[in-house]
>>> print(open('input12.tsv').read())   # TSV, C-alpha atoms and all ligand atoms
chain	number	residue	atom	x	y	z
A	1	MET	CA	38.72	38.20	-39.14
A	2	THR	CA	38.41	36.18	-35.96
A	3	THR	CA	37.81	32.45	-36.03
A	4	ASP	CA	37.48	29.88	-33.23
A	5	LEU	CA	41.10	29.09	-33.99
A	6	CYS	CA	42.04	32.68	-33.06
A	7	THR	CA	40.27	32.31	-29.74
A	8	LEU	CA	41.92	28.96	-29.06
A	9	LEU	CA	45.41	30.26	-29.80
A	10	ASN	CA	44.80	33.81	-28.53
A	11	ILE	CA	45.82	35.42	-31.82
A	12	ASN	CA	44.08	38.02	-33.96
A	13	LYS	CA	45.20	36.92	-37.43
A	14	PRO	CA	44.63	33.26	-38.32
A	15	ILE	CA	47.94	33.01	-40.15
A	16	LEU	CA	50.45	30.41	-39.00
A	17	SER	CA	54.05	30.35	-40.17
A	18	ALA	CA	54.83	26.74	-41.02
A	19	PRO	CA	57.72	24.95	-39.34
A	20	MET	CA	60.50	24.69	-41.92
A	21	GLY	CA	63.53	22.73	-40.74
A	22	GLY	CA	66.55	25.06	-40.59
A	23	ALA	CA	64.75	27.85	-42.47
A	24	ALA	CA	62.25	28.98	-39.82
A	25	GLY	CA	64.25	29.93	-36.75
A	26	PRO	CA	63.34	31.95	-33.68
A	27	ASP	CA	63.55	35.32	-35.46
A	28	MET	CA	60.92	34.35	-38.02
A	29	VAL	CA	58.65	32.64	-35.51
A	30	ALA	CA	58.82	35.51	-33.01
A	31	THR	CA	58.20	38.09	-35.73
A	32	VAL	CA	55.07	36.27	-36.88
A	33	CYS	CA	53.83	35.94	-33.28
A	34	ASN	CA	54.51	39.60	-32.53
A	35	ALA	CA	52.62	40.56	-35.72
A	36	GLY	CA	49.46	38.86	-34.44
A	37	GLY	CA	49.90	35.53	-36.22
A	38	PHE	CA	51.09	32.24	-34.78
A	39	GLY	CA	54.56	30.82	-35.30
A	40	VAL	CA	55.60	27.19	-35.19
A	41	ILE	CA	59.21	26.44	-34.34
A	42	PRO	CA	60.75	23.18	-35.60
A	43	LEU	CA	62.80	21.72	-32.74
A	44	TRP	CA	62.56	18.06	-33.75
A	45	GLY	CA	66.25	17.84	-34.65
A	46	LYS	CA	67.31	18.75	-31.10
A	47	SER	CA	67.98	16.84	-27.89
A	48	ALA	CA	65.59	17.43	-24.99
A	49	ASP	CA	68.05	20.03	-23.68
A	50	GLY	CA	68.09	21.62	-27.13
A	51	VAL	CA	64.29	21.78	-27.10
A	52	ARG	CA	64.38	23.51	-23.71
A	53	ALA	CA	66.99	25.96	-25.00
A	54	GLY	CA	65.02	26.60	-28.20
A	55	ILE	CA	61.87	27.39	-26.23
A	56	ALA	CA	63.80	29.75	-23.93
A	57	GLU	CA	65.40	31.49	-26.90
A	58	LEU	CA	62.02	32.09	-28.49
A	59	ARG	CA	60.48	33.28	-25.23
A	60	ALA	CA	63.18	35.93	-25.02
A	61	LEU	CA	61.88	37.30	-28.35
A	62	THR	CA	58.13	37.08	-27.83
A	63	ASP	CA	55.62	36.75	-25.02
A	64	ARG	CA	52.99	35.48	-27.45
A	65	ASN	CA	51.85	31.89	-27.89
A	66	PHE	CA	53.69	29.57	-30.27
A	67	ALA	CA	53.94	25.84	-31.02
A	68	VAL	CA	56.88	23.46	-31.08
A	69	ASN	CA	57.05	21.14	-34.10
A	70	LEU	CA	58.08	17.51	-33.45
A	71	ASN	CA	58.70	14.75	-36.00
A	72	LEU	CA	56.97	11.44	-35.27
A	73	GLY	CA	59.51	9.69	-37.52
A	74	PHE	CA	62.04	10.01	-34.70
A	75	ASP	CA	62.00	9.25	-31.00
A	76	TYR	CA	60.03	12.24	-29.73
A	77	ALA	CA	59.26	11.19	-26.12
A	78	ASP	CA	61.90	13.29	-24.33
A	79	GLN	CA	61.31	16.27	-26.62
A	80	LEU	CA	57.58	16.12	-25.88
A	81	GLN	CA	58.27	15.94	-22.16
A	82	ALA	CA	60.48	19.03	-22.49
A	83	CYS	CA	57.55	20.87	-24.14
A	84	ILE	CA	55.21	19.75	-21.36
A	85	ASP	CA	57.67	20.81	-18.65
A	86	ALA	CA	58.11	24.21	-20.33
A	87	ARG	CA	54.30	24.61	-20.59
A	88	VAL	CA	54.38	25.75	-24.20
A	89	CYS	CA	51.01	26.63	-25.66
A	90	ALA	CA	50.97	23.91	-28.29
A	91	VAL	CA	52.84	21.07	-29.90
A	92	SER	CA	52.68	20.34	-33.63
A	93	LEU	CA	53.09	16.68	-34.58
A	94	PHE	CA	53.99	15.71	-38.13
A	95	TRP	CA	55.00	12.75	-40.23
A	96	GLY	CA	52.73	10.00	-39.08
A	97	MET	CA	49.87	9.40	-36.76
A	98	ALA	CA	50.50	8.60	-33.10
A	99	PRO	CA	47.36	8.71	-30.95
A	100	GLU	CA	49.54	7.98	-27.90
A	101	ALA	CA	51.59	11.14	-28.53
A	102	ILE	CA	48.41	13.18	-28.85
A	103	GLU	CA	47.06	11.75	-25.59
A	104	ARG	CA	50.32	12.32	-23.76
A	105	ALA	CA	50.55	15.94	-24.92
A	106	LYS	CA	46.92	16.55	-23.98
A	107	ASN	CA	47.44	15.03	-20.53
A	108	GLY	CA	50.45	17.31	-20.18
A	109	GLY	CA	48.24	20.35	-20.77
A	110	LEU	CA	49.30	21.21	-24.34
A	111	LEU	CA	47.12	22.04	-27.29
A	112	VAL	CA	47.83	19.52	-30.04
A	113	MET	CA	48.14	20.35	-33.73
A	114	SER	CA	48.19	17.23	-35.86
A	115	SER	CA	49.39	17.36	-39.47
A	116	VAL	CA	47.44	15.07	-41.80
A	117	GLY	CA	47.16	14.29	-45.51
A	118	SER	CA	43.68	12.77	-45.63
A	119	ALA	CA	40.23	12.96	-44.07
A	120	ALA	CA	40.64	9.51	-42.48
A	121	GLU	CA	43.83	10.59	-40.72
A	122	ALA	CA	42.17	13.78	-39.58
A	123	LYS	CA	39.39	11.78	-37.96
A	124	GLN	CA	41.91	9.50	-36.27
A	125	ALA	CA	43.75	12.52	-34.86
A	126	ALA	CA	40.58	14.25	-33.70
A	127	ASP	CA	39.32	11.04	-32.09
A	128	ALA	CA	42.62	10.83	-30.20
A	129	GLY	CA	42.06	14.36	-28.87
A	130	ALA	CA	43.89	16.65	-31.32
A	131	ASP	CA	42.65	20.22	-30.92
A	132	ILE	CA	43.61	21.51	-34.36
A	133	ILE	CA	44.08	19.65	-37.63
A	134	ILE	CA	46.70	20.87	-40.08
A	135	ALA	CA	45.60	19.56	-43.48
A	136	GLN	CA	48.60	19.58	-45.80
A	137	GLY	CA	47.87	19.37	-49.51
A	138	TRP	CA	50.17	17.86	-52.10
A	139	GLU	CA	51.13	21.30	-53.42
A	140	ALA	CA	53.12	21.96	-50.26
A	141	GLY	CA	56.85	22.53	-50.15
A	142	GLY	CA	59.29	20.44	-48.17
A	143	HIS	CA	58.25	17.01	-46.97
A	144	VAL	CA	54.83	16.14	-48.26
A	145	TRP	CA	52.93	13.56	-46.25
A	146	GLY	CA	49.79	13.07	-48.36
A	147	GLN	CA	48.71	12.83	-51.98
A	148	VAL	CA	45.53	14.90	-51.99
A	149	ALA	CA	45.55	18.47	-53.32
A	150	THR	CA	44.58	21.30	-50.97
A	151	MET	CA	41.39	22.24	-52.85
A	152	ALA	CA	39.91	18.77	-52.36
A	153	LEU	CA	41.54	17.98	-49.01
A	154	ILE	CA	40.33	20.93	-46.93
A	155	PRO	CA	36.56	20.48	-47.33
A	156	ALA	CA	36.91	16.70	-46.89
A	157	VAL	CA	38.81	17.21	-43.64
A	158	VAL	CA	36.38	19.90	-42.46
A	159	ASP	CA	33.53	17.42	-43.01
A	160	ALA	CA	35.38	14.68	-41.11
A	161	VAL	CA	36.15	16.50	-37.83
A	162	ASP	CA	34.57	18.91	-35.36
A	163	VAL	CA	37.77	20.77	-34.45
A	164	PRO	CA	39.34	23.73	-36.27
A	165	VAL	CA	41.11	22.88	-39.51
A	166	VAL	CA	44.09	24.85	-40.80
A	167	ALA	CA	44.89	24.68	-44.52
A	168	ALA	CA	48.44	24.12	-45.77
A	169	GLY	CA	49.93	23.76	-49.22
A	170	GLY	CA	50.03	26.29	-52.04
A	171	ILE	CA	48.72	29.23	-50.00
A	172	ALA	CA	50.94	32.24	-50.62
A	173	ASP	CA	48.77	35.36	-50.57
A	174	GLY	CA	45.44	36.82	-49.50
A	175	ARG	CA	43.62	35.10	-52.35
A	176	GLY	CA	44.80	31.70	-51.16
A	177	MET	CA	43.83	32.52	-47.60
A	178	ALA	CA	40.38	33.72	-48.63
A	179	ALA	CA	39.87	30.55	-50.67
A	180	ALA	CA	40.99	28.34	-47.77
A	181	LEU	CA	38.53	30.06	-45.43
A	182	MET	CA	35.76	29.55	-48.00
A	183	LEU	CA	36.59	25.85	-48.04
A	184	GLY	CA	35.95	25.76	-44.30
A	185	ALA	CA	39.44	26.19	-42.90
A	186	GLN	CA	39.79	28.51	-39.90
A	187	GLY	CA	43.35	29.48	-40.64
A	188	VAL	CA	46.29	29.01	-42.98
A	189	TRP	CA	49.70	27.41	-42.48
A	190	ILE	CA	52.18	28.99	-44.84
A	191	GLY	CA	55.70	27.86	-45.63
A	192	THR	CA	57.11	28.82	-49.03
A	193	ARG	CA	55.94	32.45	-48.86
A	194	PHE	CA	57.86	32.94	-45.61
A	195	LEU	CA	61.05	31.69	-47.27
A	196	ALA	CA	60.99	35.11	-48.93
A	197	SER	CA	61.18	36.95	-45.61
A	198	HIS	CA	64.10	38.82	-44.13
A	199	GLU	CA	63.95	36.48	-41.15
A	200	ALA	CA	64.22	33.22	-43.14
A	201	THR	CA	67.56	31.59	-42.42
A	202	ILE	CA	68.36	30.52	-45.97
A	203	HIS	CA	71.15	31.22	-48.44
A	204	ALA	CA	70.67	34.18	-50.82
A	205	THR	CA	70.90	31.86	-53.84
A	206	TYR	CA	68.04	29.75	-52.47
A	207	GLN	CA	65.97	32.87	-51.70
A	208	ASN	CA	66.62	34.33	-55.17
A	209	SER	CA	65.62	31.02	-56.74
A	210	ILE	CA	62.32	31.21	-54.83
A	211	LEU	CA	61.71	34.71	-56.20
A	212	GLN	CA	62.46	33.67	-59.76
A	213	ALA	CA	60.68	30.30	-59.89
A	214	GLN	CA	57.42	29.90	-61.77
A	215	ASP	CA	54.43	27.84	-60.66
A	216	ASP	CA	55.50	24.83	-62.75
A	217	GLN	CA	59.09	24.70	-61.53
A	218	THR	CA	58.65	22.57	-58.42
A	219	GLU	CA	58.82	18.79	-58.47
A	220	TRP	CA	57.43	16.13	-56.15
A	221	HIS	CA	59.90	13.31	-55.62
A	222	ALA	CA	59.45	10.05	-53.76
A	223	ASP	CA	63.10	9.80	-52.82
A	224	LEU	CA	65.36	12.05	-54.89
A	225	TYR	CA	67.01	13.62	-51.86
A	226	ASP	CA	68.29	11.43	-49.05
A	227	VAL	CA	65.94	12.51	-46.31
A	228	THR	CA	67.10	11.40	-42.88
A	229	TRP	CA	63.97	9.39	-42.11
A	230	PRO	CA	62.40	6.66	-44.27
A	231	ASN	CA	59.64	7.12	-46.86
A	232	ALA	CA	59.78	10.89	-47.01
A	233	PRO	CA	58.49	12.26	-50.34
A	234	HIS	CA	59.32	15.91	-50.86
A	235	ARG	CA	58.70	18.91	-53.11
A	236	THR	CA	61.64	21.03	-54.24
A	237	LEU	CA	62.65	23.45	-56.96
A	238	ALA	CA	63.82	21.75	-60.12
A	239	ASN	CA	67.57	22.32	-60.50
A	240	ALA	CA	70.71	20.93	-62.14
A	241	THR	CA	70.68	17.92	-59.79
A	242	SER	CA	67.10	16.90	-60.58
A	243	ASP	CA	67.52	17.68	-64.29
A	244	ALA	CA	70.65	15.47	-64.59
A	245	TRP	CA	68.95	12.70	-62.62
A	246	ALA	CA	65.87	12.84	-64.89
A	247	ALA	CA	68.03	12.91	-68.04
A	248	ALA	CA	69.89	9.82	-66.81
A	249	GLY	CA	66.67	7.82	-66.42
A	250	ARG	CA	65.54	8.63	-62.86
A	251	ALA	CA	67.64	5.92	-61.22
A	252	ALA	CA	66.95	4.79	-57.66
A	253	PRO	CA	69.22	5.87	-54.80
A	254	GLY	CA	72.57	4.15	-55.15
A	255	ALA	CA	72.58	4.46	-58.95
A	256	ARG	CA	71.98	8.19	-59.45
A	257	PRO	CA	74.51	10.24	-61.43
A	258	GLY	CA	77.07	11.95	-59.22
A	259	GLU	CA	76.32	10.00	-56.04
A	260	GLN	CA	78.60	11.05	-53.16
A	261	GLU	CA	79.94	14.03	-55.12
A	262	VAL	CA	80.85	16.91	-52.81
A	263	ILE	CA	79.01	20.00	-54.08
A	264	GLY	CA	79.57	22.38	-51.20
A	265	GLN	CA	80.40	23.04	-47.58
A	266	ARG	CA	78.17	23.81	-44.62
A	267	PRO	CA	78.74	27.10	-42.80
A	268	GLY	CA	80.07	25.31	-39.71
A	269	GLY	CA	82.20	22.95	-41.80
A	270	GLY	CA	81.29	19.58	-43.29
A	271	ASP	CA	80.59	18.50	-46.84
A	272	VAL	CA	77.29	18.83	-48.63
A	273	LEU	CA	76.89	15.85	-50.96
A	274	ARG	CA	74.78	15.77	-54.09
A	275	TYR	CA	71.33	14.33	-53.17
A	276	GLN	CA	71.87	15.11	-49.52
A	277	SER	CA	68.80	16.46	-47.77
A	278	TYR	CA	70.18	19.84	-46.79
A	279	THR	CA	68.44	23.21	-46.51
A	280	PRO	CA	71.03	25.71	-47.82
A	281	LEU	CA	71.73	28.03	-44.89
A	282	PRO	CA	73.42	31.43	-45.07
A	283	GLY	CA	77.18	30.88	-45.24
A	284	THR	CA	76.93	27.66	-47.24
A	285	THR	CA	79.53	27.59	-50.02
A	286	GLY	CA	79.73	25.72	-53.32
A	287	ASP	CA	76.99	24.94	-55.83
A	288	VAL	CA	74.07	26.04	-53.67
A	289	ALA	CA	71.62	25.99	-56.58
A	290	ALA	CA	72.24	22.24	-56.99
A	291	MET	CA	71.21	21.50	-53.39
A	292	SER	CA	67.75	20.54	-52.11
A	293	MET	CA	65.80	23.80	-52.33
A	294	TRP	CA	62.44	22.90	-50.82
A	295	ALA	CA	59.48	24.86	-52.23
A	296	GLY	CA	55.76	24.46	-52.84
A	297	GLN	CA	53.73	25.17	-55.96
A	298	GLY	CA	52.75	28.58	-54.60
A	299	VAL	CA	56.32	29.66	-55.32
A	300	GLY	CA	55.13	31.29	-58.57
A	301	LEU	CA	53.21	33.81	-56.42
A	302	VAL	CA	56.27	34.90	-54.43
A	303	HIS	CA	57.88	37.98	-55.96
A	304	LYS	CA	59.51	39.99	-53.20
A	305	VAL	CA	61.31	39.68	-49.89
A	306	LEU	CA	59.47	41.37	-47.02
A	307	SER	CA	59.69	41.13	-43.28
A	308	ALA	CA	57.63	38.25	-41.90
A	309	ALA	CA	55.49	40.85	-40.10
A	310	ASP	CA	54.67	42.56	-43.39
A	311	ILE	CA	53.81	39.21	-44.97
A	312	VAL	CA	51.34	38.48	-42.16
A	313	SER	CA	49.83	41.94	-42.45
A	314	GLU	CA	49.58	41.89	-46.26
A	315	ILE	CA	47.95	38.46	-46.42
A	316	ASP	CA	45.48	39.31	-43.66
A	317	THR	CA	44.52	42.66	-45.22
A	318	ASP	CA	44.15	41.21	-48.70
A	319	ALA	CA	42.10	38.22	-47.54
A	320	ARG	CA	39.71	40.49	-45.64
A	321	ALA	CA	39.31	42.77	-48.68
A	322	ILE	CA	38.70	39.85	-51.03
A	323	ILE	CA	36.10	38.27	-48.77
A	324	ALA	CA	34.32	41.59	-48.32
A	325	ALA	CA	34.38	42.30	-52.06
A	326	GLN	CA	33.06	38.86	-52.93
A	327	ALA	CA	30.30	39.10	-50.35
A	328	ALA	CA	29.25	42.43	-51.87
A	329	ALA	CA	29.45	41.13	-55.43
A	330	PHE	CA	27.18	38.15	-54.76
A	331	ARG	CA	24.54	40.05	-52.84
B	1	LIG	C1	61.97	24.55	-46.43
B	1	LIG	C2	60.84	23.74	-45.83
B	1	LIG	C3	61.08	22.97	-44.70
B	1	LIG	C4	60.03	22.27	-44.08
B	1	LIG	N1	60.28	21.61	-42.89
B	1	LIG	C5	59.20	21.14	-42.17
B	1	LIG	C6	59.40	20.70	-40.83
B	1	LIG	O1	60.50	20.73	-40.27
B	1	LIG	N2	58.30	20.27	-40.15
B	1	LIG	C7	57.03	20.24	-40.73
B	1	LIG	O2	56.07	19.85	-40.04
B	1	LIG	N3	56.85	20.64	-41.99
B	1	LIG	C8	57.90	21.12	-42.71
B	1	LIG	N4	57.69	21.64	-43.97
B	1	LIG	C9	56.31	21.69	-44.50
B	1	LIG	C10	55.63	22.98	-44.01
B	1	LIG	O3	55.40	22.92	-42.63
B	1	LIG	C11	54.27	23.24	-44.70
B	1	LIG	O4	53.43	22.13	-44.57
B	1	LIG	C12	54.41	23.62	-46.16
B	1	LIG	O5	55.46	24.53	-46.37
B	1	LIG	C13	53.10	24.26	-46.64
B	1	LIG	O6	53.10	24.44	-48.03
B	1	LIG	P1	53.65	25.76	-48.77
B	1	LIG	O7	55.11	25.63	-48.76
B	1	LIG	O8	53.04	25.65	-50.11
B	1	LIG	O9	53.18	26.97	-48.00
B	1	LIG	C14	58.73	22.32	-44.63
B	1	LIG	C15	58.50	23.08	-45.79
B	1	LIG	C16	59.53	23.80	-46.38
B	1	LIG	C17	59.22	24.63	-47.61
>>> encode(input="input12.tsv", output="structure tokens")
Amino acid sequence: MTTDLCTLLNINKPILSAPMGGAAGPDMVATVCNAGGFGVIPLWGKSADGVRAGIAELRALTDRNFAVNLNLGFDYADQLQACIDARVCAVSLFWGMAPEAIERAKNGGLLVMSSVGSAAEAKQAADAGADIIIAQGWEAGGHVWGQVATMALIPAVVDAVDVPVVAAGGIADGRGMAAALMLGAQGVWIGTRFLASHEATIHATYQNSILQAQDDQTEWHADLYDVTWPNAPHRTLANATSDAWAAAGRAAPGARPGEQEVIGQRPGGGDVLRYQSYTPLPGTTGDVAAMSMWAGQGVGLVHKVLSAADIVSEIDTDARAIIAAQAAAFR
């Protein structure tokens, strides 16, 4: 299955591993790239030197193309310059719309992937020169920019722009990929499914919770967890923290039950507070299940931990088989 997106990114499987804060490190990204997909490494929390080091670390693991994910909610200028200087294949911009960032990245020779939550935003990004639109539906795990569900968003975005569209949100297997391609997407951007990979850098309790969760056990919250940038709605697994907060009347930040309570420790030291935005990493101690366990609605489709390479291969094989079978059935 080769799409224009594959040609643009020089990949043979149009499957992108989504950037996922601390959960998608160089091992996962390199494994996806080496398996014929395309990995996106989140380096937005780093200094410019950290971005340079992160790119070098990844390049030691793969000679394939990848993208660096930057957060427009923070000052990204030096990070973007580091990507330009390092001549990475692509930069992925999320959380907002910044035509000037798109133009600067383009002038620096990078492909630009712009994450959007609506057709109007997609048009704005494409008009500013974005090469690839990442359309993230409301089903998605982690920080959720838009309010439109994937099924309605993808065709609307495809109609609005002339550049390749990649579908994100709720896609966890070959069926989801086949459906996204039928809606006009040229590739898929998958997060939650890759949390159940050997390469995901998350705590075993978090990974087991992903395996056990059903489709109706994620929750979208406007501001339950204290995300480090403003206005950052998010989707997580329901847990003791969200249950107690709901039972107490869904109070606003500042009045939630158990504010400032220490519920664990980070692997390198430092408290984890209840309601803190913190991806539970391996080595975290304490009540890990009460921490912010980001996940999308596709979590109910995730049943086993595989290597990221096997996930890419399985989804690609299944999507091809489904599309071929459907084509035959409707002849
Ligand atoms: C644990 C986690 C962390 C995330 N962190 C980021 C991030 O750093 N940058 C970003 O652009 N998106 C982030 N996202 C959103 C994903 O890139 C992607 O849009 C989403 O996972 C797609 O939906 P899915 O989880 O249903 O596959 C995160 C998602 C998860 C689950």
>>> residues_near_ligand(input="input12.tsv", ligand="ligand LIG 1 (chain B)", cutoff="9 Å", atoms="all atoms listed in the file", output="NGL selection string")
:A and (17-24 or 40-45 or 69-71 or 92-95 or 115 or 134-145 or 167-172 or 188-195 or 202 or 234-236 or 279 or 293-299)
>>> residues_around(input="input12.tsv", residues="Ala308 in chain A", least_positions_apart="6", cutoff="8 Å", atoms="only C-alpha atoms", output="list in words")
Met28, Thr31, Val32, Phe194, Ser197, His198 and Glu199 of chain A
>>> residues_around(input="input12.tsv", residues="range 258-260 of chain A", least_positions_apart="4", cutoff="10 Å", atoms="only C-alpha atoms", output="number ranges by chain")
A: 241, 244-245, 253-254, 271-276
>>> atom_distance(input="input12.tsv", atom1="CA of Ala67 in chain A", atom2="CA of Gly129 in chain A")
16.7 Å
>>> closest_residue(input="input12.tsv", among="A:Gly36, A:Pro155, A:Pro280, A:Gly73", to="Ile11 in chain A", atoms="all atoms listed in the file")
A:Gly36
>>> residues_around(input="input12.tsv", residues="Ala152 in chain A", least_positions_apart="3", cutoff="10 Å", atoms="all atoms listed in the file", output="ChimeraX atom specification")
/A:118,137,148-149,155-157,183
>>> atom_distance(input="input12.tsv", atom1="CA of Gly264 in chain A", atom2="CA of Ser292 in chain A")
12.0 Å
>>> axis_aligned_box(input="input12.tsv", around="range 322-331 of chain A", padding_each_side="3 Å", output="lines of an AutoDock Vina configuration file")
center_x = 31.6
center_y = 40.3
center_z = -51.9
size_x = 20.2
size_y = 10.3
size_z = 13.1
>>> atom_distance(input="input12.tsv", atom1="CA of Arg59 in chain A", atom2="CA of Pro164 in chain A")
25.7 Å
>>> residues_around(input="input12.tsv", residues="Asn231 in chain A", least_positions_apart="4", cutoff="9 Å", atoms="all atoms listed in the file", output="ChimeraX atom specification")
/A:222-223,227
>>> residues_around(input="input12.tsv", residues="Ala247 in chain A", least_positions_apart="5", cutoff="12 Å", atoms="only C-alpha atoms", output="list in words")
Ala240, Thr241, Ser242, Arg256 and Pro257 of chain A
>>> write_last_selection(input="input12.tsv", atoms="C-alpha atoms", output="mmCIF file, in the frame of the given file")
data_model
loop_
_atom_site.group_PDB
_atom_site.id
_atom_site.type_symbol
_atom_site.label_atom_id
_atom_site.label_comp_id
_atom_site.auth_asym_id
_atom_site.auth_seq_id
_atom_site.Cartn_x
_atom_site.Cartn_y
_atom_site.Cartn_z
ATOM 1 C CA ALA A 240 70.710 20.930 -62.140
ATOM 2 C CA THR A 241 70.680 17.920 -59.790
ATOM 3 C CA SER A 242 67.100 16.900 -60.580
ATOM 4 C CA ARG A 256 71.980 8.190 -59.450
ATOM 5 C CA PRO A 257 74.510 10.240 -61.430
#
>>> closest_residue(input="input12.tsv", among="A:Gly108, A:Pro26, A:Gly187, A:Pro267", to="Gly54 in chain A", atoms="all atoms listed in the file")
A:Pro26
>>> closest_residue(input="input12.tsv", among="A:Ile210, A:Leu301, A:Asp4, A:Asp27", to="Asp162 in chain A", atoms="only C-alpha atoms")
A:Asp4
>>> closest_atom_pairs(input="input12.tsv", of="range 115-214 of chain A", to="range 99-105 of chain A", cutoff="12 Å", atoms="only C-alpha atoms", output="tab-separated table")
residue	atom	partner	partner_atom	distance
A:Ser115	CA	A:Ile102	CA	11.5
A:Glu121	CA	A:Pro99	CA	10.6
A:Ala122	CA	A:Pro99	CA	11.3
A:Lys123	CA	A:Pro99	CA	11.0
A:Gln124	CA	A:Pro99	CA	7.7
A:Ala125	CA	A:Pro99	CA	6.5
A:Ala126	CA	A:Pro99	CA	9.2
A:Asp127	CA	A:Pro99	CA	8.4
A:Ala128	CA	A:Pro99	CA	5.2
A:Gly129	CA	A:Ile102	CA	6.5
A:Ala130	CA	A:Ile102	CA	6.2
A:Asp131	CA	A:Ile102	CA	9.3
A:Ile132	CA	A:Ile102	CA	11.1
A:Ile133	CA	A:Ile102	CA	11.7
>>> decode(input="input12.tsv", residues="range 21-36 of chain A", atoms="N, CA and C atoms", output="JSON list (two decimals), in the first residue's frame")
[["chain", "number", "residue", "atom", "x", "y", "z"],
["A", 21, "GLY", "N", 4.81, 12.43, 24.54],
["A", 21, "GLY", "CA", 5.56, 12.93, 25.68],
["A", 21, "GLY", "C", 6.70, 12.02, 26.08],
["A", 22, "GLY", "N", 6.75, 11.59, 27.34],
["A", 22, "GLY", "CA", 7.83, 10.71, 27.81],
["A", 22, "GLY", "C", 7.68, 9.26, 27.39],
["A", 23, "ALA", "N", 6.56, 8.91, 26.73],
["A", 23, "ALA", "CA", 6.28, 7.50, 26.46],
["A", 23, "ALA", "C", 6.88, 6.99, 25.16],
["A", 24, "ALA", "N", 7.17, 7.91, 24.24],
["A", 24, "ALA", "CA", 7.65, 7.51, 22.90],
["A", 24, "ALA", "C", 9.08, 8.01, 22.71],
["A", 25, "GLY", "N", 10.03, 7.27, 23.24],
["A", 25, "GLY", "CA", 11.42, 7.68, 23.17],
["A", 25, "GLY", "C", 12.11, 7.16, 21.92],
["A", 26, "PRO", "N", 13.42, 7.34, 21.85],
["A", 26, "PRO", "CA", 14.16, 6.96, 20.65],
["A", 26, "PRO", "C", 14.03, 5.49, 20.27],
["A", 27, "ASP", "N", 13.93, 4.59, 21.26],
["A", 27, "ASP", "CA", 13.82, 3.16, 20.91],
["A", 27, "ASP", "C", 12.55, 2.89, 20.11],
["A", 28, "MET", "N", 11.42, 3.46, 20.59],
["A", 28, "MET", "CA", 10.17, 3.22, 19.88],
["A", 28, "MET", "C", 10.22, 3.85, 18.48],
["A", 29, "VAL", "N", 10.67, 5.08, 18.43],
["A", 29, "VAL", "CA", 10.66, 5.80, 17.15],
["A", 29, "VAL", "C", 11.57, 5.11, 16.14],
["A", 30, "ALA", "N", 12.76, 4.71, 16.58],
["A", 30, "ALA", "CA", 13.69, 4.04, 15.66],
["A", 30, "ALA", "C", 13.13, 2.70, 15.21],
["A", 31, "THR", "N", 12.49, 1.98, 16.12],
["A", 31, "THR", "CA", 11.94, 0.67, 15.76],
["A", 31, "THR", "C", 10.86, 0.81, 14.69],
["A", 32, "VAL", "N", 10.01, 1.82, 14.85],
["A", 32, "VAL", "CA", 8.96, 2.06, 13.85],
["A", 32, "VAL", "C", 9.59, 2.43, 12.51],
["A", 33, "CYS", "N", 10.58, 3.31, 12.54],
["A", 33, "CYS", "CA", 11.25, 3.72, 11.29],
["A", 33, "CYS", "C", 11.90, 2.52, 10.61],
["A", 34, "ASN", "N", 12.60, 1.71, 11.41],
["A", 34, "ASN", "CA", 13.31, 0.57, 10.83],
["A", 34, "ASN", "C", 12.36, -0.50, 10.32],
["A", 35, "ALA", "N", 11.10, -0.46, 10.79],
["A", 35, "ALA", "CA", 10.09, -1.42, 10.33],
["A", 35, "ALA", "C", 9.35, -0.92, 9.08],
["A", 36, "GLY", "N", 9.76, 0.23, 8.56],
["A", 36, "GLY", "CA", 9.14, 0.74, 7.34],
["A", 36, "GLY", "C", 8.06, 1.77, 7.57]]
